[in-house]
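Colleague: Before anything else, here's the structure in question.
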Amino acid sequence: MPTLNKIRTALSRTRPDPSRTADEPALRRLRTVLTLFFALDGFLFAGWVVRIPAIKEQTGASPGALGLALLGVSAGAVATMTVTGRLCARYGSHPVTVASALLMSLGIALPPLTQSAWALGLVLIVFGTAYGGLNVAMNSAAVDLVAALRRPVMPSFHAAFSVGGMLGAALGALVAGHLSATDHLLLLTATGLLVAAAAGRVLLAHPAPRPERTAAQAAPGGRGAGRERRLVAVFGLIALCTAYGEGALADWGALHLAQDLSARAGVAAVGYSVFALAMTVGRLTGSALLERLGQTRVLVLGGATAALGMLIGSLAPAVWAVFAGFAITGLGLANIFPVAVGRAGELAGPGGVAAASTFGYGGMLLGPPAIGFLADWLSLPAALTTVAALSAVAALVAYTTRNAVRRT
């Protein structure tokens with residue numbers, strides 16, 4: 001199989017370790033529990049975002065005030081991401097993953113307890129801190145496991161996140177008309193604590209694999225290191241542009257349907273579920289796309305597809321057309337983030353993955369407040385067209401840097 005058709009780690013260039021066969025059962029267990037953490041992350045995050053319209057009504061926040069409150073998630077997450085790598089280095093990625101999942105489960109119960117936008121912003125800092133820590137820690141753990149397995153399974157973890165998001169949004173749609181936001185999010189807290197405790201016991205019982213580093217990673221200051229850092233930044237920019245769209249749809253998709261198209265609460269909640277389902281399908285078929293098209297074409301065509309889908313999703317006058325636009329956007333965005341993060345890891349090892357992930361999740365978390373401010377100045381549909389613009393930027397960056405990536 002051509003190497004361009006895989007999301008490889010740098011360790012795929014080393015000789016296979018015969019001792020790995022003896023570790024296969026342990027590695028499979030690690031893969032299972034890490035998949036559960038990715039799914040739990042998506043489940044909890046989607047459960048929160050589908051109740052944003054109810055929280056907005058409860059606090060009486062304007063779109064701009066709500067956007068400022070959502071900045072609490074961004075502030076907590078980005079600040080945490082800058083130190084989570086060091087925490088993982090000191091305590092290990094597995095304990096940090098478990099602790100962050102438990103904190104996120106507790107933090108999701110806090111937003112319904114607030115009565116103002118500023119109070120909402122404060123509690124969302126707690127939620128964002130846990131969310132940022134969990135995403136960096138579990139991606140770091142996944143990088144180690146992918147390297148140990150020497151198989152391109154990173155998209156499967158991100159597919160689990162999408163499955164969790166789809167299930168969380170679907171549950172939100174089912175209970176939106178029957179449970180208050182407080183009861184719903186308390187139910188998610190209980191579920192999250194149970195899953196994190198059960199999966200965490202297994203994760204903590206197995207130390208993270210410690211694959212041997214390549215020569216390039218062992219000597220980060222050598223020749224070519226500067227070029228690799230620049231390319232890691234390029235892939236981080238691609239991840240940021242596309243994750244911006246995922247965050248925007250998560251936080252504003254339901255509100256767009258409810259506010260601009262007068263959809264009922266249950267119907268509005270389905271919008272993110274459609275998007276999450278499309279991303280799941282796209283990621284589950286991502287390996288086949290990479291085999292057929294290669295990484296650069298997947299990035300370019302994915303960005304172009306997402307741009308077209310989001311123009312439909314933000315400007316269409318009918319609910320069914322918005323659903324179709326959300327689905328097209330999800331298919332386009334599905335594999336861009338995993339490919340960008342995986343390519344950064346191939347270039348610079350786990351440090352590259354951490355850098356690109358921080359860029360990406362920063363875009364996911366900074367996008368929603370930016371949409372809120374633009375919605376105040378213009379309108380929510382006009383603000384959502386920025387998702388299409390940044391998706392097109394990601395496609396353009398991937399295309400214009402293809403030769404530099406190939407040479408490296």
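How things are named: the first chain in the structure tokens is A, the next is B, and so on; residues count from 1 in each chain; ligands count from 1 in the order shown.
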Using DSSP on the backbone coordinates, identify all residues within region 52-232 of chain A classified as helix (DSSP H, G or I); present the result as a VMD selection string.

Modeller: chain A and resid 52 to 59 63 to 91 93 to 107 111 to 113 117 to 149 154 to 175 181 to 205 215 to 218 225 to 232

Colleague: Find the residues around region 74-77 of chain A up to 12 Å (only C-alpha atoms counted), leave out those fewer than 6 positions away in its own chain, and share them as a PyMOL selection string.

Modeller: chain A and resi 67-68+83-84+100+104+107+121-136+244+247+357-370

Colleague: List the neighbours of region 341-343 of chain A out to 9 Å using only C-alpha atoms; skip same-chain residues closer than 4 positions along the sequence, and give me the result as a PyMOL selection string.

Modeller: chain A and resi 7-9+143+152+154-155+232+235-236+239+295+336-337+347-348+352-357+360

Colleague: What's the separation between CA of Ser314 (chain A) and CA of Ala382 (chain A), in Å to one decimal place?

Modeller: 7.2 Å

Colleague: Could you make a table, as JSON lines, of the residues of region 14-85 of chain A that have an atom within 12 Å of an atom of region 249-266 of chain A, each with its nearest atom pair and distance in Å to one decimal, counting only C-alpha atoms, in chain and number order?

Modeller:
{"residue": "A:Gly42", "atom": "CA", "partner": "A:Ala250", "partner_atom": "CA", "distance": 10.6}
{"residue": "A:Phe43", "atom": "CA", "partner": "A:Ala250", "partner_atom": "CA", "distance": 11.9}
{"residue": "A:Leu44", "atom": "CA", "partner": "A:Ala250", "partner_atom": "CA", "distance": 11.9}
{"residue": "A:Phe45", "atom": "CA", "partner": "A:Ala250", "partner_atom": "CA", "distance": 8.5}
{"residue": "A:Ala46", "atom": "CA", "partner": "A:Ala250", "partner_atom": "CA", "distance": 7.0}
{"residue": "A:Gly47", "atom": "CA", "partner": "A:Ala250", "partner_atom": "CA", "distance": 10.0}
{"residue": "A:Trp48", "atom": "CA", "partner": "A:Asp251", "partner_atom": "CA", "distance": 8.8}
{"residue": "A:Val49", "atom": "CA", "partner": "A:Asp251", "partner_atom": "CA", "distance": 5.3}
{"residue": "A:Val50", "atom": "CA", "partner": "A:Ala254", "partner_atom": "CA", "distance": 6.5}
{"residue": "A:Arg51", "atom": "CA", "partner": "A:Ala254", "partner_atom": "CA", "distance": 8.7}
{"residue": "A:Ile52", "atom": "CA", "partner": "A:Asp251", "partner_atom": "CA", "distance": 7.0}
{"residue": "A:Pro53", "atom": "CA", "partner": "A:Leu255", "partner_atom": "CA", "distance": 6.0}
{"residue": "A:Ala54", "atom": "CA", "partner": "A:Ala265", "partner_atom": "CA", "distance": 8.9}
{"residue": "A:Ile55", "atom": "CA", "partner": "A:Leu255", "partner_atom": "CA", "distance": 11.2}
{"residue": "A:Lys56", "atom": "CA", "partner": "A:Leu255", "partner_atom": "CA", "distance": 9.6}
{"residue": "A:Glu57", "atom": "CA", "partner": "A:Leu255", "partner_atom": "CA", "distance": 11.0}
{"residue": "A:Pro63", "atom": "CA", "partner": "A:Trp252", "partner_atom": "CA", "distance": 10.0}
{"residue": "A:Leu66", "atom": "CA", "partner": "A:Asp251", "partner_atom": "CA", "distance": 10.3}
{"residue": "A:Gly67", "atom": "CA", "partner": "A:Asp251", "partner_atom": "CA", "distance": 9.5}
{"residue": "A:Ala69", "atom": "CA", "partner": "A:Asp251", "partner_atom": "CA", "distance": 11.8}
{"residue": "A:Leu70", "atom": "CA", "partner": "A:Asp251", "partner_atom": "CA", "distance": 8.7}
{"residue": "A:Leu71", "atom": "CA", "partner": "A:Asp251", "partner_atom": "CA", "distance": 11.5}
{"residue": "A:Val73", "atom": "CA", "partner": "A:Asp251", "partner_atom": "CA", "distance": 11.3}

Colleague: Please provide the set of residues having any atom within 8 Å of Ala394 (chain A), restricted to only C-alpha atoms, with same-chain residues fewer than 4 positions apart removed, written as a list in words.

Modeller: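 Those residues are Leu237, Ile238, Ala239, Cys241, Thr242, Leu299, Val300, Gly303, Leu390 and Ala398 of chain A.
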
Colleague: Next, dump the selected residues to file, keeping only N, CA, C and O atoms, as a compact mmCIF listing (two decimals), in the first residue's frame.

Modeller:
# COMPACT_ATOMS: atom_id res chain seq x y z
N LEU A 237 -2.52 25.05 11.19
CA LEU A 237 -3.44 26.03 10.61
C LEU A 237 -4.59 25.34 9.91
O LEU A 237 -5.75 25.76 10.02
N ILE A 238 -4.30 24.27 9.17
CA ILE A 238 -5.37 23.51 8.51
C ILE A 238 -6.33 22.95 9.54
O ILE A 238 -7.57 23.03 9.39
N ALA A 239 -5.79 22.39 10.63
CA ALA A 239 -6.64 21.85 11.69
C ALA A 239 -7.50 22.95 12.31
O ALA A 239 -8.69 22.75 12.59
N CYS A 241 -8.55 25.82 10.94
CA CYS A 241 -9.59 26.29 10.02
C CYS A 241 -10.78 25.34 10.00
O CYS A 241 -11.94 25.78 9.95
N THR A 242 -10.51 24.05 10.03
CA THR A 242 -11.61 23.09 9.94
C THR A 242 -12.28 22.84 11.29
O THR A 242 -13.50 22.66 11.35
N LEU A 299 -7.33 16.38 1.86
CA LEU A 299 -7.38 17.69 2.50
C LEU A 299 -8.04 18.73 1.58
O LEU A 299 -8.91 19.49 2.01
N VAL A 300 -7.62 18.77 0.32
CA VAL A 300 -8.13 19.79 -0.60
C VAL A 300 -9.60 19.56 -0.91
O VAL A 300 -10.43 20.49 -0.81
N GLY A 303 -11.83 20.21 2.20
CA GLY A 303 -12.07 21.62 2.47
C GLY A 303 -13.05 22.24 1.49
O GLY A 303 -13.93 23.01 1.88
N LEU A 390 -13.26 29.66 5.91
CA LEU A 390 -12.07 29.04 6.50
C LEU A 390 -11.85 27.63 5.96
O LEU A 390 -10.70 27.17 5.86
N ALA A 398 -3.49 23.58 1.96
CA ALA A 398 -3.04 22.21 1.68
C ALA A 398 -2.53 22.08 0.24
O ALA A 398 -1.53 21.40 -0.01

Colleague: Residues near Leu308 (chain A), anyone? I mean within 10 Å using only C-alpha atoms, not counting same-chain ones fewer than 5 positions away, as a PyMOL selection string.

Modeller: chain A and resi 303+313+325+328-329+332+385+388-389+391-392

Colleague: Find, counting only C-alpha atoms, the residue in A:Val397, A:Leu203, A:Ala278, A:Ala344 that gets nearest to Arg31 (chain A).

Modeller: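 So, comparing all the options, the nearest one is A:Leu203.
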
Colleague: Which one is closest to Pro209 (chain A): A:Gly172, A:Leu103, A:Ala383, A:Ala26? Count only C-alpha atoms.

Modeller: A:Ala26

Colleague: Would you work out the distance separating CA of Val274 (chain A) from CA of Phe326 (chain A), expressed in Å to one decimal?

Modeller: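 CA of Phe326 (chain A) lies 6.8 Å from CA of Val274 (chain A).
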
Colleague: What is the distance, in Å and to one decimal place, between CA of Gly200 (chain A) and CA of Leu30 (chain A)?

Modeller: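 Taking CA of Gly200 (chain A) and CA of Leu30 (chain A), their separation equals 10.4 Å.
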